[in-house]
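S.K.: Have a peek at final02.cif (mmCIF, C-alpha atoms).
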```cif
data_work
#
loop_
_atom_site.label_atom_id
_atom_site.label_comp_id
_atom_site.auth_asym_id
_atom_site.auth_seq_id
_atom_site.Cartn_x
_atom_site.Cartn_y
_atom_site.Cartn_z
CA MET Z 1 -0.08 -62.30 -13.71
CA HIS Z 2 3.23 -61.14 -15.11
CA ASN Z 3 5.74 -63.99 -15.45
CA ARG Z 4 9.18 -62.67 -14.50
CA LEU Z 5 11.05 -65.60 -16.07
CA ARG Z 6 9.38 -65.06 -19.45
CA ALA Z 7 10.00 -61.32 -19.12
CA GLU Z 8 13.73 -61.79 -18.51
CA ARG Z 9 14.00 -64.20 -21.41
CA ALA Z 10 12.16 -61.80 -23.71
CA ARG Z 11 14.33 -58.87 -22.61
CA GLY Z 12 17.48 -60.86 -23.38
CA ASP Z 13 16.14 -62.03 -26.74
CA LEU Z 14 15.23 -58.47 -27.70
CA ASP Z 15 18.70 -57.22 -26.78
CA VAL Z 16 20.22 -59.85 -29.09
CA LEU Z 17 17.82 -58.94 -31.90
CA SER Z 18 18.65 -55.25 -31.57
CA ARG Z 19 22.36 -56.01 -32.13
CA ALA Z 20 21.90 -58.49 -34.99
CA GLY Z 21 21.86 -55.91 -37.81
CA LEU Z 22 18.43 -56.99 -39.03
CA ASP Z 23 16.50 -55.18 -41.72
CA LEU Z 24 13.95 -52.77 -40.25
CA ASP Z 25 10.91 -54.87 -41.20
CA ASP Z 26 12.50 -58.08 -39.88
CA PHE Z 27 13.57 -56.50 -36.61
CA ILE Z 28 10.17 -54.94 -35.89
CA ALA Z 29 8.29 -58.17 -36.70
CA GLU Z 30 10.54 -60.37 -34.56
CA ALA Z 31 10.76 -57.85 -31.71
CA THR Z 32 6.99 -57.43 -31.52
CA GLU Z 33 6.48 -61.19 -31.45
CA THR Z 34 9.15 -61.50 -28.74
CA VAL Z 35 7.40 -58.96 -26.52
CA GLY Z 36 4.11 -60.79 -27.00
CA ARG Z 37 5.55 -63.96 -25.48
CA ALA Z 38 6.06 -62.13 -22.18
CA THR Z 39 3.22 -59.61 -22.38
CA PRO Z 40 0.42 -61.06 -24.53
CA TRP Z 41 -1.57 -58.89 -26.92
CA VAL Z 42 -4.33 -59.48 -29.47
CA GLY Z 43 -3.27 -56.62 -31.73
CA ALA Z 44 -0.15 -54.48 -31.99
CA CYS Z 45 1.00 -51.51 -34.02
CA VAL Z 46 4.58 -50.28 -34.37
CA GLY Z 47 5.37 -46.83 -35.70
CA THR Z 48 8.67 -45.24 -36.62
CA HIS Z 49 9.22 -41.54 -36.02
CA ASP Z 50 11.34 -38.71 -37.32
CA PRO Z 51 13.37 -38.11 -34.14
CA SER Z 52 13.58 -34.35 -34.67
CA THR Z 53 9.82 -33.80 -35.04
CA MET Z 54 8.23 -36.95 -33.56
CA MET Z 55 6.06 -37.21 -36.68
CA LEU Z 56 5.01 -40.66 -37.87
CA THR Z 57 7.13 -42.05 -40.74
CA SER Z 58 5.75 -45.60 -41.04
CA ALA Z 59 3.34 -48.01 -39.37
CA ARG Z 60 3.27 -51.80 -39.18
CA LYS Z 61 0.44 -53.91 -37.77
CA TYR Z 62 0.25 -57.35 -36.22
CA GLY Z 63 -2.37 -59.74 -34.88
CA SER Z 64 -5.96 -58.60 -35.32
CA LEU Z 65 -4.80 -55.31 -36.88
CA VAL Z 66 -3.11 -56.82 -39.96
CA ALA Z 67 -4.64 -55.34 -43.13
CA ASN Z 68 -7.21 -53.54 -40.98
CA ASN Z 69 -6.40 -50.10 -42.39
CA GLU Z 70 -9.81 -48.57 -42.98
CA HIS Z 71 -9.56 -46.19 -40.02
CA ASP Z 72 -5.86 -45.30 -40.19
CA MET Z 73 -6.59 -41.76 -41.36
CA LEU Z 74 -8.72 -41.17 -38.28
CA PHE Z 75 -5.92 -42.48 -36.09
CA GLY Z 76 -3.51 -39.92 -37.54
CA LEU Z 77 -5.92 -37.07 -36.88
CA LEU Z 78 -6.62 -38.18 -33.30
CA GLU Z 79 -3.00 -38.94 -32.43
CA TYR Z 80 -1.64 -35.58 -33.59
CA GLY Z 81 -4.68 -33.33 -33.62
CA ALA Z 82 -5.40 -33.44 -29.88
CA GLU Z 83 -3.03 -33.11 -26.96
CA GLU Z 84 -3.54 -36.14 -24.73
CA PRO Z 85 -1.26 -37.32 -21.90
CA SER Z 86 -1.25 -40.71 -23.60
CA SER Z 87 -0.15 -39.52 -27.05
CA PHE Z 88 3.23 -40.72 -28.21
CA ARG Z 89 4.46 -37.13 -28.52
CA ALA Z 90 3.46 -36.45 -24.90
CA LEU Z 91 5.08 -39.69 -23.79
CA ALA Z 92 8.29 -38.78 -25.64
CA ARG Z 93 8.44 -35.44 -23.80
CA SER Z 94 7.86 -37.05 -20.39
CA GLU Z 95 10.18 -39.04 -18.16
CA ALA Z 96 8.13 -42.20 -18.69
CA ARG Z 97 8.91 -44.70 -21.39
CA ALA Z 98 5.73 -46.77 -21.17
CA ILE Z 99 2.16 -46.29 -20.00
CA GLY Z 100 -0.99 -48.36 -19.62
CA MET Z 101 -4.35 -46.75 -20.25
CA HIS Z 102 -5.66 -48.34 -17.03
CA ALA Z 103 -2.40 -48.92 -15.15
CA SER Z 104 -0.89 -45.41 -15.17
CA ASP Z 105 -2.05 -42.78 -12.68
CA ASP Z 106 -1.67 -39.82 -15.06
CA VAL Z 107 -3.80 -41.38 -17.82
CA ASP Z 108 -7.59 -41.53 -17.91
CA ALA Z 109 -8.87 -43.94 -20.56
CA ASP Z 110 -12.44 -42.68 -20.19
CA ARG Z 111 -11.35 -39.18 -21.27
CA SER Z 112 -9.21 -40.33 -24.18
CA GLU Z 113 -10.70 -39.36 -27.54
CA ARG Z 114 -8.56 -42.03 -29.21
CA THR Z 115 -10.00 -44.69 -26.91
CA ASN Z 116 -13.61 -43.53 -27.13
CA ARG Z 117 -13.76 -42.86 -30.88
CA LEU Z 118 -11.53 -45.59 -32.23
CA MET Z 119 -10.08 -48.28 -29.98
CA ARG Z 120 -13.28 -49.31 -28.16
CA PRO Z 121 -16.09 -48.81 -30.71
CA VAL Z 122 -14.20 -49.67 -33.91
CA TYR Z 123 -11.68 -52.33 -32.89
CA GLY Z 124 -13.34 -53.64 -29.73
CA PHE Z 125 -10.23 -53.25 -27.60
CA GLY Z 126 -10.54 -53.08 -23.83
CA ASP Z 127 -7.08 -51.80 -22.95
CA GLU Z 128 -3.90 -50.41 -24.49
CA ALA Z 129 -0.26 -50.20 -23.41
CA ARG Z 130 2.20 -47.83 -25.10
CA LEU Z 131 5.99 -47.71 -25.34
CA VAL Z 132 8.36 -45.21 -26.96
CA PHE Z 133 11.73 -46.26 -28.37
CA ARG Z 134 14.18 -43.86 -26.75
CA ASP Z 135 17.96 -43.79 -26.43
CA GLY Z 136 20.64 -41.13 -26.16
CA ALA Z 137 20.22 -40.22 -29.82
CA GLY Z 138 16.48 -39.52 -29.63
CA VAL Z 139 13.05 -41.17 -29.94
CA TRP Z 140 12.88 -43.47 -32.94
CA GLY Z 141 9.48 -45.07 -32.77
CA CYS Z 142 6.67 -46.48 -30.67
CA LEU Z 143 4.68 -49.61 -29.89
CA ALA Z 144 0.99 -49.84 -29.05
CA MET Z 145 -0.32 -53.17 -27.73
CA PHE Z 146 -4.00 -54.01 -27.31
CA ARG Z 147 -6.17 -56.48 -25.42
CA GLY Z 148 -9.81 -57.38 -25.89
CA THR Z 149 -12.66 -56.48 -23.58
CA ASP Z 150 -12.64 -59.99 -22.01
CA ASP Z 151 -8.87 -59.95 -21.40
CA ALA Z 152 -7.11 -58.80 -18.25
CA LYS Z 153 -5.96 -55.20 -18.28
CA PHE Z 154 -2.24 -54.50 -18.62
CA SER Z 155 -0.77 -54.51 -15.13
CA ARG Z 156 1.72 -52.07 -13.64
CA ASP Z 157 4.36 -54.80 -13.70
CA GLU Z 158 3.78 -55.34 -17.40
CA VAL Z 159 4.01 -51.61 -18.14
CA ASP Z 160 7.22 -51.38 -16.10
CA PHE Z 161 8.60 -54.32 -18.08
CA LEU Z 162 7.78 -52.61 -21.37
CA GLY Z 163 9.67 -49.53 -20.21
CA THR Z 164 12.85 -51.58 -19.84
CA LEU Z 165 12.70 -52.46 -23.56
CA SER Z 166 12.84 -48.87 -24.79
CA GLU Z 167 16.57 -48.69 -25.55
CA SER Z 168 16.69 -52.09 -27.23
CA PHE Z 169 13.85 -51.13 -29.55
CA ALA Z 170 15.56 -47.82 -30.34
CA ARG Z 171 18.85 -49.59 -31.09
CA GLY Z 172 17.15 -52.09 -33.38
CA VAL Z 173 15.26 -49.40 -35.31
CA ARG Z 174 18.44 -47.35 -35.79
CA ALA Z 175 20.31 -50.45 -36.96
CA GLY Z 176 17.47 -51.29 -39.34
CA MET Z 177 17.69 -47.83 -40.87
CA LEU Z 178 21.42 -48.20 -41.42
CA THR Z 179 20.95 -51.64 -42.96
CA ARG Z 180 18.69 -50.07 -45.55
CA LEU Z 181 21.27 -47.40 -46.29
CA SER Z 182 23.79 -50.07 -47.26
CA ALA Z 183 21.63 -51.07 -50.24
CA PRO Z 184 21.53 -48.62 -53.16
CA PRO Z 185 18.05 -47.40 -54.09
CA VAL Z 186 16.38 -48.70 -57.20
CA ALA Z 187 14.34 -46.84 -59.76
CA GLU Z 188 10.73 -46.86 -58.60
CA SER Z 189 9.02 -43.87 -60.12
CA ASP Z 190 8.89 -41.37 -62.94
CA VAL Z 191 7.47 -38.76 -60.57
CA CYS Z 192 9.51 -35.55 -60.69
CA GLY Z 193 9.09 -32.55 -58.47
CA PRO Z 194 6.75 -32.05 -55.55
CA ALA Z 195 3.42 -33.86 -55.24
CA VAL Z 196 0.56 -32.30 -53.30
CA VAL Z 197 -2.37 -33.59 -51.25
CA ILE Z 198 -5.07 -31.25 -49.88
CA VAL Z 199 -7.23 -32.41 -46.95
CA GLY Z 200 -10.42 -30.45 -46.36
CA THR Z 201 -12.23 -29.43 -43.21
CA ASP Z 202 -14.21 -32.69 -43.41
CA ASP Z 203 -10.91 -34.61 -42.99
CA GLU Z 204 -11.21 -36.08 -46.48
CA VAL Z 205 -8.74 -35.72 -49.35
CA SER Z 206 -10.28 -33.00 -51.50
CA GLN Z 207 -7.54 -32.66 -54.12
CA ILE Z 208 -4.47 -34.65 -55.06
CA SER Z 209 -1.85 -33.85 -57.69
CA LEU Z 210 -0.54 -36.18 -60.37
CA GLY Z 211 2.05 -38.45 -58.85
CA ALA Z 212 0.94 -38.06 -55.23
CA GLU Z 213 -0.87 -41.40 -55.10
CA GLU Z 214 2.22 -43.09 -56.54
CA ARG Z 215 4.44 -41.41 -53.96
CA LEU Z 216 2.17 -42.58 -51.13
CA ALA Z 217 2.02 -46.12 -52.52
CA GLN Z 218 5.83 -46.26 -52.36
CA LEU Z 219 5.62 -45.93 -48.57
CA ALA Z 220 3.86 -49.28 -48.08
CA THR Z 221 6.52 -51.93 -47.44
CA THR Z 222 4.88 -55.25 -46.50
CA GLN Z 223 1.52 -56.88 -45.79
CA HIS Z 224 1.88 -55.47 -42.26
CA SER Z 225 2.01 -51.86 -43.47
CA GLY Z 226 -0.64 -49.42 -42.38
CA ASP Z 227 -2.32 -47.01 -44.77
CA PRO Z 228 0.29 -44.44 -45.91
CA LEU Z 229 -2.46 -41.81 -45.73
CA SER Z 230 -2.14 -42.02 -41.94
CA LEU Z 231 1.18 -40.18 -42.38
CA VAL Z 232 -0.70 -37.46 -44.25
CA THR Z 233 -3.44 -37.10 -41.64
CA SER Z 234 -0.88 -37.11 -38.83
CA LEU Z 235 0.64 -34.04 -40.45
CA VAL Z 236 -2.84 -32.55 -40.91
CA GLY Z 237 -3.63 -32.96 -37.21
CA ALA Z 238 -0.29 -31.44 -36.22
CA ALA Z 239 -0.74 -28.53 -38.66
CA ARG Z 240 -4.13 -27.63 -37.20
CA ARG Z 241 -2.75 -27.74 -33.67
CA MET Z 242 0.14 -25.57 -34.83
CA LEU Z 243 -2.29 -22.68 -35.40
CA ALA Z 244 -3.02 -22.52 -31.67
CA VAL Z 245 0.67 -22.18 -30.77
CA PRO Z 246 2.27 -19.06 -32.32
CA GLY Z 247 5.74 -19.63 -33.63
CA SER Z 248 5.36 -23.38 -33.98
CA PRO Z 249 7.39 -24.95 -36.80
CA ILE Z 250 5.65 -26.44 -39.81
CA PRO Z 251 5.10 -30.18 -39.22
CA ARG Z 252 7.42 -32.26 -41.37
CA ALA Z 253 8.76 -35.80 -41.58
CA ARG Z 254 11.66 -37.42 -43.43
CA VAL Z 255 10.54 -40.78 -44.82
CA ARG Z 256 12.39 -43.51 -46.68
CA THR Z 257 10.47 -45.56 -49.24
CA ALA Z 258 10.74 -49.32 -49.57
CA ALA Z 259 12.98 -48.85 -52.62
CA GLY Z 260 15.37 -46.54 -50.77
CA THR Z 261 14.40 -43.03 -51.85
CA TRP Z 262 14.17 -40.37 -49.13
CA LEU Z 263 11.10 -38.14 -49.17
CA VAL Z 264 10.16 -35.10 -47.10
CA LEU Z 265 6.50 -34.54 -46.21
CA HIS Z 266 5.43 -31.23 -44.73
CA ALA Z 267 2.05 -29.65 -44.01
CA SER Z 268 0.76 -26.09 -44.08
CA PRO Z 269 -2.71 -24.85 -43.05
CA LEU Z 270 -4.64 -22.95 -45.71
CA ALA Z 271 -6.89 -19.93 -45.21
CA GLY Z 272 -9.81 -18.86 -47.40
CA PRO Z 273 -10.89 -15.33 -48.35
CA ASP Z 274 -12.75 -14.99 -45.05
CA GLY Z 275 -9.71 -16.15 -43.10
CA ALA Z 276 -11.33 -19.43 -42.05
CA ALA Z 277 -8.81 -22.23 -41.57
CA GLY Z 278 -9.17 -25.99 -41.73
CA ASP Z 279 -7.89 -27.11 -45.12
CA VAL Z 280 -4.30 -28.34 -45.04
CA VAL Z 281 -1.90 -28.85 -47.94
CA ILE Z 282 0.70 -31.62 -47.67
CA THR Z 283 3.70 -31.46 -49.97
CA ILE Z 284 5.67 -34.60 -50.82
CA GLU Z 285 9.07 -34.24 -52.47
CA GLU Z 286 12.42 -35.94 -52.70
CA ALA Z 287 14.74 -34.98 -49.87
CA ARG Z 288 17.96 -33.13 -50.60
CA PRO Z 289 21.06 -34.54 -48.89
CA PRO Z 290 21.35 -31.71 -46.31
CA GLU Z 291 17.82 -32.49 -45.12
CA ILE Z 292 18.71 -36.00 -44.05
CA VAL Z 293 22.37 -35.78 -43.02
CA ALA Z 294 21.44 -35.07 -39.38
CA LEU Z 295 18.99 -37.99 -39.35
CA VAL Z 296 21.53 -40.47 -40.69
CA VAL Z 297 24.31 -39.25 -38.39
CA ALA Z 298 21.94 -39.56 -35.42
CA ALA Z 299 21.16 -43.14 -36.50
CA PHE Z 300 24.83 -44.00 -36.11
CA GLY Z 301 24.43 -43.49 -32.34
CA LEU Z 302 27.46 -41.23 -32.03
CA THR Z 303 28.58 -39.45 -28.88
CA PRO Z 304 28.53 -35.61 -28.94
CA ARG Z 305 32.29 -35.50 -29.61
CA GLU Z 306 31.98 -38.07 -32.38
CA ARG Z 307 29.20 -36.00 -33.95
CA ASP Z 308 31.48 -32.94 -33.86
CA VAL Z 309 34.25 -34.88 -35.61
CA THR Z 310 31.81 -36.22 -38.19
CA ARG Z 311 30.46 -32.74 -38.92
CA LEU Z 312 33.96 -31.45 -39.61
CA VAL Z 313 34.87 -34.49 -41.73
CA LEU Z 314 31.77 -33.89 -43.87
CA GLN Z 315 33.00 -30.32 -44.36
CA GLY Z 316 36.31 -31.64 -45.68
CA VAL Z 317 38.40 -30.53 -42.69
CA GLU Z 318 41.69 -32.38 -42.21
CA THR Z 319 42.69 -34.15 -38.98
CA LYS Z 320 45.12 -31.46 -37.77
CA GLU Z 321 42.51 -28.73 -38.29
CA ILE Z 322 39.86 -30.82 -36.52
CA ALA Z 323 42.24 -31.26 -33.57
CA ALA Z 324 42.89 -27.52 -33.39
CA THR Z 325 39.19 -26.68 -33.67
CA MET Z 326 38.22 -29.13 -30.93
CA HIS Z 327 41.28 -28.38 -28.76
CA VAL Z 328 42.37 -32.01 -28.63
CA SER Z 329 45.30 -33.97 -30.00
CA ALA Z 330 45.37 -35.49 -33.48
CA TYR Z 331 45.56 -38.92 -31.79
CA THR Z 332 42.26 -38.20 -30.00
CA VAL Z 333 40.67 -37.22 -33.31
CA GLN Z 334 41.87 -40.49 -34.85
CA ASP Z 335 40.37 -42.42 -31.92
CA HIS Z 336 37.05 -40.65 -32.47
CA LEU Z 337 37.23 -41.38 -36.19
CA LYS Z 338 37.92 -45.05 -35.55
CA SER Z 339 34.80 -45.25 -33.39
CA VAL Z 340 32.74 -43.33 -35.97
CA PHE Z 341 33.87 -45.66 -38.77
CA GLU Z 342 32.94 -48.70 -36.68
CA LYS Z 343 29.48 -47.39 -35.83
CA ALA Z 344 28.83 -46.27 -39.42
CA GLY Z 345 30.13 -49.53 -40.89
CA VAL Z 346 32.75 -47.86 -43.09
CA ARG Z 347 36.56 -47.93 -43.34
CA SER Z 348 37.53 -44.46 -44.53
CA ARG Z 349 36.52 -40.81 -44.71
CA ARG Z 350 35.46 -41.28 -48.32
CA GLU Z 351 33.15 -44.16 -47.43
CA LEU Z 352 31.72 -42.17 -44.52
CA ILE Z 353 30.93 -39.21 -46.76
CA SER Z 354 29.41 -41.52 -49.36
CA ARG Z 355 27.21 -43.23 -46.81
CA VAL Z 356 25.98 -40.02 -45.23
CA TYR Z 357 25.25 -38.26 -48.49
CA PHE Z 358 23.83 -41.44 -50.09
CA ASP Z 359 24.99 -43.09 -53.26
CA GLN Z 360 21.53 -42.48 -54.74
CA TYR Z 361 22.44 -38.88 -55.52
CA VAL Z 362 25.75 -39.54 -57.23
CA PRO Z 363 24.38 -41.08 -60.49
CA ARG Z 364 22.13 -38.04 -60.93
CA MET Z 365 24.91 -35.49 -60.75
CA GLY Z 366 25.63 -34.05 -64.18
CA THR Z 367 22.05 -34.46 -65.36
CA GLU Z 368 19.85 -31.49 -66.08
CA VAL Z 369 17.99 -29.75 -63.30
CA ALA Z 370 14.21 -29.83 -63.69
CA PRO Z 371 11.93 -26.80 -63.10
CA SER Z 372 11.35 -28.13 -59.60
CA GLY Z 373 14.98 -27.37 -58.74
CA TRP Z 374 15.82 -31.09 -58.53
CA TYR Z 375 17.59 -33.42 -60.92
CA ALA Z 376 15.58 -34.40 -63.99
CA GLY Z 377 14.15 -37.92 -63.94
#
```
Can I see the file as structure tokens?
M.R.:
Amino acid sequence: MHNRLRAERARGDLDVLSRAGLDLDDFIAEATETVGRATPWVGACVGTHDPSTMMLTSARKYGSLVANNEHDMLFGLLEYGAEEPSSFRALARSEARAIGMHASDDVDADRSERTNRLMRPVYGFGDEARLVFRDGAGVWGCLAMFRGTDDAKFSRDEVDFLGTLSESFARGVRAGMLTRLSAPPVAESDVCGPAVVIVGTDDEVSQISLGAEERLAQLATTQHSGDPLSLVTSLVGAARRMLAVPGSPIPRARVRTAAGTWLVLHASPLAGPDGAAGDVVITIEEARPPEIVALVVAAFGLTPRERDVTRLVLQGVETKEIAATMHVSAYTVQDHLKSVFEKAGVRSRRELISRVYFDQYVPRMGTEVAPSGWYAG
């Protein structure tokens, strides 16, 4: 039975955690434990997402799932390769914020490929509840909680409770991202230019370029990290589904390594001489500043007007011109800027520009450009 007192206490604790400016790993670990005190689980997995594509960018595991990464590649294929009402992408597009595999009317656990191929036979789980981290700036991640076959199923009350935590989780993840931005990246690799992974029709890695394994290893952050290859297979599953929907964009995700470097992963289906499809190539390369400006600005949690002001500031437009462009007074622009500075944790236009475009690029300017089109190592 759901304990309302414990639920209210957990909701309040999570709200405090989300505003504490914790590092991303610390926030996720403490938040997941907090939820477990009100809604018990035997295993839990937290993913972060690229809010513009809903692709997986990291995974952390707790309870019985810690270091249990052998089947992570299969999870990525199932989660993104099939369209299920219980997938996180489907949940993000719906009005719901949380579901239970047995407590929600529009979900049928017995028809779920994820449940039947992975959660029941491999992990021995009897039920799953899912939550997406959504706020006005987008969907920033997800939580999956599991119970064993001898445990009570997640109740409707528990699922409803999880739904009330969505914004707090989103706030904490955004704050965790910004905390990482405040620390300059450190040298972690001699890899230059794109790295490539090819996954065959048998869902196994068939070819991998020099440097790709090192790039993937950089994505593991703590003992709770899932297998970084799950990010690759998530893109593979999405790329194969893309073929069935003409005009679909190429699946891609912007990912930040533990040392602070931003990478972009994107997937493209391959076709052989006979036109048969199934192989997918995943390219991993360092992100250029324009590729991640929108992500960082979104993480600030700005209002639409504040985003407009920020966009013009990043273009070097002065206050009077911003006021004329937006048809407001210069005083209103200054008020917006004050709010932007507070949310971004900066004190001036210069600091705002530096934070958005990342100090990691500045030391490289003036160095030679490699054949890849990026700065030499």
S.K.: Once the PyMOL selection byres ((chain Z and resi 89-99) around 8) has been applied to the shown file, what residues remain in the selection, as a list of chain:residue names?
M.R.: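 On the file shown, the PyMOL selection byres ((chain Z and resi 89-99) around 8) covers Z:Met54, Z:Glu83, Z:Glu84, Z:Pro85, Z:Ser86, Z:Ser87, Z:Phe88, Z:Gly100, Z:Met101, Z:Ala103, Z:Ser104, Z:Ala129, Z:Arg130, Z:Leu131, Z:Val132, Z:Phe133, Z:Arg134, Z:Val139, Z:Val159, Z:Asp160, Z:Leu162, Z:Gly163, Z:Ser166.
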S.K.: Please enumerate the residues selected by the PyMOL selection byres ((chain Z and resi 210) around 10) when evaluated against the supplied file, formatted as a VMD selection string.
M.R.: chain Z and resid 191 194 to 197 208 to 209 211 to 215
S.K.: Select, from Z:Arg171, Z:Val293, Z:Pro251, Z:Arg6, the residue with the minimum atom-to-atom distance to Tyr80 in chain Z, counting only C-alpha atoms.
M.R.: Z:Pro251
S.K.: What do you get, as a list in words, if you spell out every residue that the PyMOL selection byres ((chain Z and resi 177) around 9) selects here?
M.R.: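 Checked against the file, the PyMOL selection byres ((chain Z and resi 177) around 9) matches Asp23, Leu24, Gly172, Val173, Arg174, Ala175, Gly176, Leu178, Thr179, Arg180, Leu181, Arg256, Val296 and Ala299 of chain Z.
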S.K.: Restrict the selected residues to C-alpha atoms and save them as an mmCIF file, in the frame of the given file.
M.R.:
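What landed in result_13.cif:
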```
data_model
loop_
_atom_site.group_PDB
_atom_site.id
_atom_site.type_symbol
_atom_site.label_atom_id
_atom_site.label_comp_id
_atom_site.auth_asym_id
_atom_site.auth_seq_id
_atom_site.Cartn_x
_atom_site.Cartn_y
_atom_site.Cartn_z
ATOM 1 C CA ASP Z 23 16.500 -55.180 -41.720
ATOM 2 C CA LEU Z 24 13.950 -52.770 -40.250
ATOM 3 C CA GLY Z 172 17.150 -52.090 -33.380
ATOM 4 C CA VAL Z 173 15.260 -49.400 -35.310
ATOM 5 C CA ARG Z 174 18.440 -47.350 -35.790
ATOM 6 C CA ALA Z 175 20.310 -50.450 -36.960
ATOM 7 C CA GLY Z 176 17.470 -51.290 -39.340
ATOM 8 C CA LEU Z 178 21.420 -48.200 -41.420
ATOM 9 C CA THR Z 179 20.950 -51.640 -42.960
ATOM 10 C CA ARG Z 180 18.690 -50.070 -45.550
ATOM 11 C CA LEU Z 181 21.270 -47.400 -46.290
ATOM 12 C CA ARG Z 256 12.390 -43.510 -46.680
ATOM 13 C CA VAL Z 296 21.530 -40.470 -40.690
ATOM 14 C CA ALA Z 299 21.160 -43.140 -36.500
#
```
S.K.: State, in Å with one decimal place, the distance from CA of Asp26 in chain Z to CA of Thr164 in chain Z.
M.R.: 21.1 Å
